[in-house]
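A.B. asks: What follows is a structure written as structure tokens; I'll ask about it next.
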Amino acid sequence: MTLSPEEQAKQDLAEATMELSMLASNLRQSGGLQSSLLGTQLGFTGTGQEAEERPAKYSKDLNKGPAGKGRGANGGLKRHYQPRGNQAARETGTSSTGLVLSPETIQMLIKLLLRHEDQLATFRLSTAWVFFLSAEKPVEILETLFATATQWRHQKLNDPASLKNPMRVILFQATWKEMYTRAENIRTKEDAKQTAVDMGIYDEAKGFPYQIWNPKERKAQTDETRDPLPLDKVLALTAELMKLAAGNGVITRYHCTRPLTEEMKGTMTTWLMEVGLRDARCNRIWEILSILKGNASMKLIGGAVREERLQRTPLAQTLAQQLTRQHESVCCN
């Protein structure tokens with residue numbers, strides 16, 4: 001039996017997000033979270049476990065896979081570097097093996113590291129994006145991402161063979177699944193559509209407008225130079241992102257800049273995302289994110305995206321500052 005293009009697209013999406021659906025099903029069976037009013041209207045899935053049922057040992061660093069360690073720029077959130085280890089040994093230039101390094105050698109090493117950092121920052125311009133996801137109700141999706149990460153970790157410990165995608169891929173898919181669901185509800189539910197209209201992010205006749213920041217009025221305003229994205233286009237793009245992300249080598253990084261916990265503090269979270277370079281799917285993901293950048297549809301999940309900027313990581317900035325201070329101190333003496 002030959003499937004229609006629409007049916008084939010739905011089947012492909014279901015296959016690509018099979019693991020995400022399995023995790024969501026397991027979460028529902030264990031008891032889901034109550035969603036907010038707006039989340040209900042826009043399609044917040046509410047999959048998760050009640051606070052007392054969530055194992056405390058999964059409350060830290062759930063944003064990373066078993067071997068993933070964050071690195072790179074933070075896209076606006078300032079992270080403070082805290083030295084670890086034997087501080088006294090570092091001050092004398094003595095390594096753990098007893099090798100004594102002269103101040104001149106240490107300075108050369110720092111300069112070399114900073115050159116490498118600058119080269120990596122240039123490289124990230126071709127691979128990295130920064131996501132901003134609201135931590136405020138009713139639009140936040142962080143509860144869903146936390147619950148998904150918790151279930152993924154539980155599944156990894158108890159039935160690792162059932163997982164073929166790393167956590168970063170699952171969380172990336174979960175992000176767009178939330179947006180897809182809320183966009184779909186605008187088409188199928190009158191209250192969801194009215195909520196989006198009241199938020200100023202959707203026009204039934206035109207779709208989702210592009211927005212730019214007005215610094216004088218300190219608010220977003222419609223960008224009249226760009227045509228809005230129709231609802232069907234947003235649905236197609238988010239579905240394509242979920243399908244493209246499946247497998248290894250495509251999404252090489254996707255995590256929050258701070259530990260993903262059940263109750264995230266603050267009003268906004270920053271997520272770092274990178275794509276690979278050896279797959280045509282990576283280029284297509286970049287193209288789609290470029291289309292969604294600045295579009296009001298991202299506000300369905302309280303989000304925004306932009307490309308990474310040419311900047312040093314917080315640790316590299318700290319090293320550069322220390323090097324400058326040492327140089328000034330030597331000059332003054």
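Here's how to read the names in the structure tokens: chain A, B, ... by the order shown, residue numbers from 1 in each chain, ligand numbers from 1 in the order shown.
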Considering only C-alpha atoms, return as a list in words whatever protein or nucleic-acid residues lie within 10 Å of Glu19 (chain A), sequence-local ones (same chain, fewer than 4 positions apart) excluded.

C.D. replies: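 Within the cut-off, the hits are Ala14, Glu15, Leu23, Ala24, Ser25, Trp152, Ser162, Leu163, Lys164, Asn165, Ile170, Gln173 and Ala246 of chain A.
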
A.B. asks: How about saving the chosen residues, N, CA and C atoms kept, as a PDB file, in the first residue's frame?

C.D. replies:
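Okay, this is what ended up in selection_8.pdb:
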ATOM      1  N   ALA A  14       7.518   9.685  13.184  1.00  0.00           N
ATOM      2  CA  ALA A  14       7.312   8.731  14.276  1.00  0.00           C
ATOM      3  C   ALA A  14       8.527   7.831  14.455  1.00  0.00           C
ATOM      4  N   GLU A  15       9.142   7.413  13.350  1.00  0.00           N
ATOM      5  CA  GLU A  15      10.324   6.556  13.432  1.00  0.00           C
ATOM      6  C   GLU A  15      11.517   7.317  14.001  1.00  0.00           C
ATOM      7  N   LEU A  23      10.238   7.273  25.946  1.00  0.00           N
ATOM      8  CA  LEU A  23      10.516   7.925  27.223  1.00  0.00           C
ATOM      9  C   LEU A  23       9.293   8.667  27.734  1.00  0.00           C
ATOM     10  N   ALA A  24       8.579   9.347  26.839  1.00  0.00           N
ATOM     11  CA  ALA A  24       7.378  10.074  27.243  1.00  0.00           C
ATOM     12  C   ALA A  24       6.308   9.118  27.744  1.00  0.00           C
ATOM     13  N   SER A  25       6.194   7.954  27.095  1.00  0.00           N
ATOM     14  CA  SER A  25       5.212   6.964  27.526  1.00  0.00           C
ATOM     15  C   SER A  25       5.540   6.432  28.915  1.00  0.00           C
ATOM     16  N   TRP A 152      15.633   9.457  30.607  1.00  0.00           N
ATOM     17  CA  TRP A 152      16.718   8.942  29.768  1.00  0.00           C
ATOM     18  C   TRP A 152      17.807   8.333  30.634  1.00  0.00           C
ATOM     19  N   SER A 162      18.041  -0.297  24.919  1.00  0.00           N
ATOM     20  CA  SER A 162      16.842   0.310  24.329  1.00  0.00           C
ATOM     21  C   SER A 162      17.106   1.714  23.794  1.00  0.00           C
ATOM     22  N   LEU A 163      18.278   2.267  24.097  1.00  0.00           N
ATOM     23  CA  LEU A 163      18.611   3.625  23.664  1.00  0.00           C
ATOM     24  C   LEU A 163      19.684   3.601  22.582  1.00  0.00           C
ATOM     25  N   LYS A 164      19.415   4.259  21.491  1.00  0.00           N
ATOM     26  CA  LYS A 164      20.383   4.364  20.407  1.00  0.00           C
ATOM     27  C   LYS A 164      20.860   5.800  20.201  1.00  0.00           C
ATOM     28  N   ASN A 165      20.134   6.758  20.764  1.00  0.00           N
ATOM     29  CA  ASN A 165      20.497   8.165  20.621  1.00  0.00           C
ATOM     30  C   ASN A 165      21.019   8.713  21.942  1.00  0.00           C
ATOM     31  N   ILE A 170      18.091  13.449  22.196  1.00  0.00           N
ATOM     32  CA  ILE A 170      16.749  13.320  22.763  1.00  0.00           C
ATOM     33  C   ILE A 170      16.244  14.667  23.264  1.00  0.00           C
ATOM     34  N   GLN A 173      15.379  16.876  20.299  1.00  0.00           N
ATOM     35  CA  GLN A 173      14.089  16.477  19.741  1.00  0.00           C
ATOM     36  C   GLN A 173      12.941  16.879  20.657  1.00  0.00           C
ATOM     37  N   ALA A 246      18.161  12.724  14.463  1.00  0.00           N
ATOM     38  CA  ALA A 246      18.342  11.338  14.895  1.00  0.00           C
ATOM     39  C   ALA A 246      19.683  10.781  14.424  1.00  0.00           C
TER      40      ALA A 246
END

A.B. asks: Taking only C-alpha atoms into account, which of A:Leu99, A:Met18, A:Leu113, A:Ala196 comes nearest Thr313 (chain A)?

C.D. replies: A:Leu113

A.B. asks: Can you work out which one of A:Leu260, A:Met179, A:Leu3, A:Ile141 has the shortest atom-to-atom distance to Leu235 (chain A), counting only C-alpha atoms?

C.D. replies: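 Comparing A:Leu260, A:Met179, A:Leu3, A:Ile141 against Leu235 (chain A), the winner is A:Met179.
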
A.B. asks: Find the residues near Leu300 (chain A): any atom within 12 Å, counting only C-alpha atoms, skip ones fewer than 6 places away on the same chain, and give them as a ChimeraX atom specification.

C.D. replies: /A:38-44,133-134,137-141,175-186,192-193,195-197,199-202,208,234

A.B. asks: I need the residues from that last selection saved to file as a compact mmCIF listing (two decimals), in the first residue's frame (with N, CA and C atoms), if you can.

C.D. replies:
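Output saved as result_15.txt:
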# COMPACT_ATOMS: atom_id res chain seq x y z
N LEU A 38 -1.70 27.90 30.02
CA LEU A 38 -1.19 28.19 28.69
C LEU A 38 -0.53 26.96 28.09
N GLY A 39 0.19 26.23 28.94
CA GLY A 39 0.82 25.01 28.45
C GLY A 39 -0.21 24.02 27.94
N THR A 40 -1.33 23.92 28.63
CA THR A 40 -2.40 23.03 28.19
C THR A 40 -2.97 23.50 26.87
N GLN A 41 -3.20 24.79 26.75
CA GLN A 41 -3.80 25.32 25.54
C GLN A 41 -2.88 25.18 24.34
N LEU A 42 -1.59 25.42 24.56
CA LEU A 42 -0.64 25.35 23.46
C LEU A 42 -0.05 23.97 23.27
N GLY A 43 -0.38 23.04 24.16
CA GLY A 43 0.03 21.67 23.96
C GLY A 43 1.14 21.19 24.84
N PHE A 44 1.35 21.79 26.02
CA PHE A 44 2.38 21.31 26.95
C PHE A 44 2.06 19.88 27.33
N LEU A 133 15.96 29.67 26.48
CA LEU A 133 14.66 29.09 26.85
C LEU A 133 14.20 29.67 28.17
N SER A 134 12.99 30.18 28.18
CA SER A 134 12.44 30.81 29.38
C SER A 134 12.26 29.80 30.49
N LYS A 137 6.83 30.28 33.92
CA LYS A 137 5.54 29.76 33.49
C LYS A 137 4.73 30.91 32.92
N PRO A 138 3.81 30.67 31.98
CA PRO A 138 3.31 29.36 31.59
C PRO A 138 3.94 28.79 30.33
N VAL A 139 4.91 29.48 29.73
CA VAL A 139 5.43 29.01 28.44
C VAL A 139 6.64 28.09 28.57
N GLU A 140 7.26 28.01 29.74
CA GLU A 140 8.52 27.25 29.86
C GLU A 140 8.32 25.78 29.53
N ILE A 141 9.38 25.17 29.00
CA ILE A 141 9.36 23.75 28.69
C ILE A 141 10.44 23.01 29.48
N THR A 175 12.77 19.41 22.62
CA THR A 175 12.55 20.85 22.50
C THR A 175 11.62 21.16 21.33
N TRP A 176 11.90 20.55 20.18
CA TRP A 176 11.10 20.83 18.99
C TRP A 176 9.78 20.08 19.02
N LYS A 177 9.72 18.98 19.74
CA LYS A 177 8.44 18.28 19.90
C LYS A 177 7.45 19.16 20.64
N GLU A 178 7.92 19.86 21.67
CA GLU A 178 7.05 20.78 22.40
C GLU A 178 6.55 21.89 21.49
N MET A 179 7.44 22.44 20.68
CA MET A 179 7.03 23.51 19.78
C MET A 179 6.07 22.99 18.72
N TYR A 180 6.33 21.80 18.19
CA TYR A 180 5.45 21.20 17.19
C TYR A 180 4.05 20.98 17.76
N THR A 181 3.99 20.45 18.97
CA THR A 181 2.70 20.16 19.60
C THR A 181 1.90 21.43 19.83
N ARG A 182 2.56 22.47 20.29
CA ARG A 182 1.86 23.72 20.57
C ARG A 182 1.41 24.41 19.27
N ALA A 183 2.24 24.31 18.23
CA ALA A 183 1.84 24.86 16.94
C ALA A 183 0.68 24.08 16.34
N GLU A 184 0.71 22.77 16.48
CA GLU A 184 -0.39 21.92 15.99
C GLU A 184 -1.69 22.25 16.70
N ASN A 185 -1.61 22.54 17.98
CA ASN A 185 -2.82 22.86 18.74
C ASN A 185 -3.44 24.19 18.31
N ILE A 186 -2.62 25.08 17.79
CA ILE A 186 -3.17 26.33 17.26
C ILE A 186 -4.10 26.04 16.09
N ALA A 192 -6.33 27.48 21.97
CA ALA A 192 -4.89 27.62 21.75
C ALA A 192 -4.60 28.71 20.72
N LYS A 193 -5.40 28.74 19.66
CA LYS A 193 -5.22 29.78 18.64
C LYS A 193 -5.45 31.17 19.23
N THR A 195 -5.16 32.09 22.32
CA THR A 195 -4.07 32.43 23.24
C THR A 195 -2.86 32.97 22.48
N ALA A 196 -2.52 32.32 21.36
CA ALA A 196 -1.39 32.78 20.55
C ALA A 196 -1.66 34.16 19.95
N VAL A 197 -2.90 34.39 19.54
CA VAL A 197 -3.27 35.70 19.00
C VAL A 197 -3.15 36.77 20.08
N MET A 199 -1.25 36.74 22.60
CA MET A 199 0.17 36.96 22.91
C MET A 199 0.85 37.84 21.86
N GLY A 200 0.18 38.05 20.75
CA GLY A 200 0.75 38.87 19.68
C GLY A 200 1.77 38.16 18.83
N ILE A 201 1.75 36.83 18.84
CA ILE A 201 2.75 36.08 18.09
C ILE A 201 2.16 35.35 16.89
N TYR A 202 0.85 35.46 16.69
CA TYR A 202 0.22 34.72 15.59
C TYR A 202 -0.92 35.52 15.00
N PHE A 208 3.06 33.47 11.64
CA PHE A 208 3.93 33.98 12.71
C PHE A 208 4.86 35.05 12.16
N VAL A 234 5.83 26.30 9.78
CA VAL A 234 6.45 26.10 11.09
C VAL A 234 6.35 24.63 11.49

A.B. asks: Taking the DSSP secondary structure from the backbone, can you list the residues of region 264-329 of chain A that are helix (DSSP H, G or I), as a VMD selection string?

C.D. replies: chain A and resid 280 to 292 296 to 301 314 to 329

A.B. asks: Those residues you just picked out, can you put them in a file as a PDB file, in the first residue's frame with C-alpha atoms?

C.D. replies:
ATOM      1  CA  ALA A 280      24.319  17.120   4.664  1.00  0.00           C
ATOM      2  CA  ARG A 281      21.736  17.001   7.457  1.00  0.00           C
ATOM      3  CA  CYS A 282      23.913  19.388   9.471  1.00  0.00           C
ATOM      4  CA  ASN A 283      23.696  22.013   6.738  1.00  0.00           C
ATOM      5  CA  ARG A 284      19.931  21.624   6.561  1.00  0.00           C
ATOM      6  CA  ILE A 285      19.584  22.041  10.335  1.00  0.00           C
ATOM      7  CA  TRP A 286      21.606  25.252  10.054  1.00  0.00           C
ATOM      8  CA  GLU A 287      19.293  26.485   7.287  1.00  0.00           C
ATOM      9  CA  ILE A 288      16.159  25.759   9.322  1.00  0.00           C
ATOM     10  CA  LEU A 289      17.491  27.464  12.433  1.00  0.00           C
ATOM     11  CA  SER A 290      18.345  30.479  10.279  1.00  0.00           C
ATOM     12  CA  ILE A 291      14.714  30.575   9.131  1.00  0.00           C
ATOM     13  CA  LEU A 292      13.339  30.306  12.675  1.00  0.00           C
ATOM     14  CA  ALA A 296       7.610  34.775  16.819  1.00  0.00           C
ATOM     15  CA  SER A 297       6.814  31.052  16.613  1.00  0.00           C
ATOM     16  CA  MET A 298       9.757  30.440  18.950  1.00  0.00           C
ATOM     17  CA  LYS A 299       7.801  32.203  21.688  1.00  0.00           C
ATOM     18  CA  LEU A 300       5.430  29.241  21.778  1.00  0.00           C
ATOM     19  CA  ILE A 301       8.102  27.637  23.954  1.00  0.00           C
ATOM     20  CA  PRO A 314      34.683  32.589  30.399  1.00  0.00           C
ATOM     21  CA  LEU A 315      37.724  30.529  31.412  1.00  0.00           C
ATOM     22  CA  ALA A 316      39.772  31.898  28.524  1.00  0.00           C
ATOM     23  CA  GLN A 317      38.700  35.431  29.428  1.00  0.00           C
ATOM     24  CA  THR A 318      39.869  34.837  33.006  1.00  0.00           C
ATOM     25  CA  LEU A 319      43.251  33.591  31.783  1.00  0.00           C
ATOM     26  CA  ALA A 320      43.630  36.616  29.519  1.00  0.00           C
ATOM     27  CA  GLN A 321      42.828  38.971  32.397  1.00  0.00           C
ATOM     28  CA  GLN A 322      45.362  37.272  34.660  1.00  0.00           C
ATOM     29  CA  LEU A 323      48.002  37.475  31.940  1.00  0.00           C
ATOM     30  CA  THR A 324      47.309  41.191  31.489  1.00  0.00           C
ATOM     31  CA  ARG A 325      47.538  41.834  35.227  1.00  0.00           C
ATOM     32  CA  GLN A 326      50.850  39.971  35.449  1.00  0.00           C
ATOM     33  CA  HIS A 327      52.234  41.954  32.531  1.00  0.00           C
ATOM     34  CA  GLU A 328      51.149  45.253  34.091  1.00  0.00           C
ATOM     35  CA  SER A 329      52.634  44.219  37.415  1.00  0.00           C
TER      36      SER A 329
END

A.B. asks: Would you pick out the contacts of Arg226 (chain A) at 10 Å or less, using only C-alpha atoms, so that residues sharing its chain but fewer than 4 positions from it are not included, and give the list as number ranges by chain?

C.D. replies: A: 209-211, 222, 295

A.B. asks: Would you work out the distance separating CA of Leu20 (chain A) from CA of Thr148 (chain A), expressed in Å to one decimal?

C.D. replies: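 Interatomic distance, CA of Leu20 (chain A) to CA of Thr148 (chain A): 8.0 Å.
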
A.B. asks: Using backbone DSSP assignments, extract all strand (DSSP E) residues from region 83-217 of chain A; output them as a list of chain:residue names.

C.D. replies: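 Residues meeting the strand (DSSP E) criterion: A:Ala128, A:Trp129, A:Val130, A:Phe131, A:Phe132, A:Leu133, A:Ser134, A:Gln211, A:Ile212, A:Trp213, A:Asn214.
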
A.B. asks: Any chance you could export the current selection's C-alpha atoms as an mmCIF file, in the first residue's frame?

C.D. replies:
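Just written: selection14.cif:
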data_model
loop_
_atom_site.group_PDB
_atom_site.id
_atom_site.type_symbol
_atom_site.label_atom_id
_atom_site.label_comp_id
_atom_site.auth_asym_id
_atom_site.auth_seq_id
_atom_site.Cartn_x
_atom_site.Cartn_y
_atom_site.Cartn_z
ATOM 1 C CA ALA A 128 27.412 26.525 16.991
ATOM 2 C CA TRP A 129 24.073 28.061 17.961
ATOM 3 C CA VAL A 130 22.829 29.514 21.236
ATOM 4 C CA PHE A 131 19.315 28.757 22.487
ATOM 5 C CA PHE A 132 17.529 30.879 25.081
ATOM 6 C CA LEU A 133 14.663 29.088 26.849
ATOM 7 C CA SER A 134 12.441 30.813 29.378
ATOM 8 C CA GLN A 211 10.216 40.376 15.280
ATOM 9 C CA ILE A 212 13.080 42.738 16.073
ATOM 10 C CA TRP A 213 14.028 44.435 19.316
ATOM 11 C CA ASN A 214 13.171 48.112 19.708
#

A.B. asks: Using only C-alpha atoms, which of A:Leu114, A:Met108, A:Val169, A:Leu27 sits nearest Leu241 (chain A)?

C.D. replies: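 Closest to Leu241 (chain A), using only C-alpha atoms: A:Val169.
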
A.B. asks: Tell me, as a PyMOL selection string, which residues lie within 8 Å of Gly249 (chain A), counting only C-alpha atoms; anything in the same chain fewer than 3 positions away does not count.

C.D. replies: chain A and resi 252+275-276+278-279

A.B. asks: Would you save the residues of that selection, restricted to C-alpha atoms, as a PDB file, in the first residue's frame?

C.D. replies:
ATOM      1  CA  THR A 252      27.265  17.077  18.532  1.00  0.00           C
ATOM      2  CA  VAL A 275      26.169  20.518  14.636  1.00  0.00           C
ATOM      3  CA  GLY A 276      28.701  18.379  12.827  1.00  0.00           C
ATOM      4  CA  ARG A 278      30.388  15.765   7.671  1.00  0.00           C
ATOM      5  CA  ASP A 279      26.693  15.265   6.978  1.00  0.00           C
TER       6      ASP A 279
END
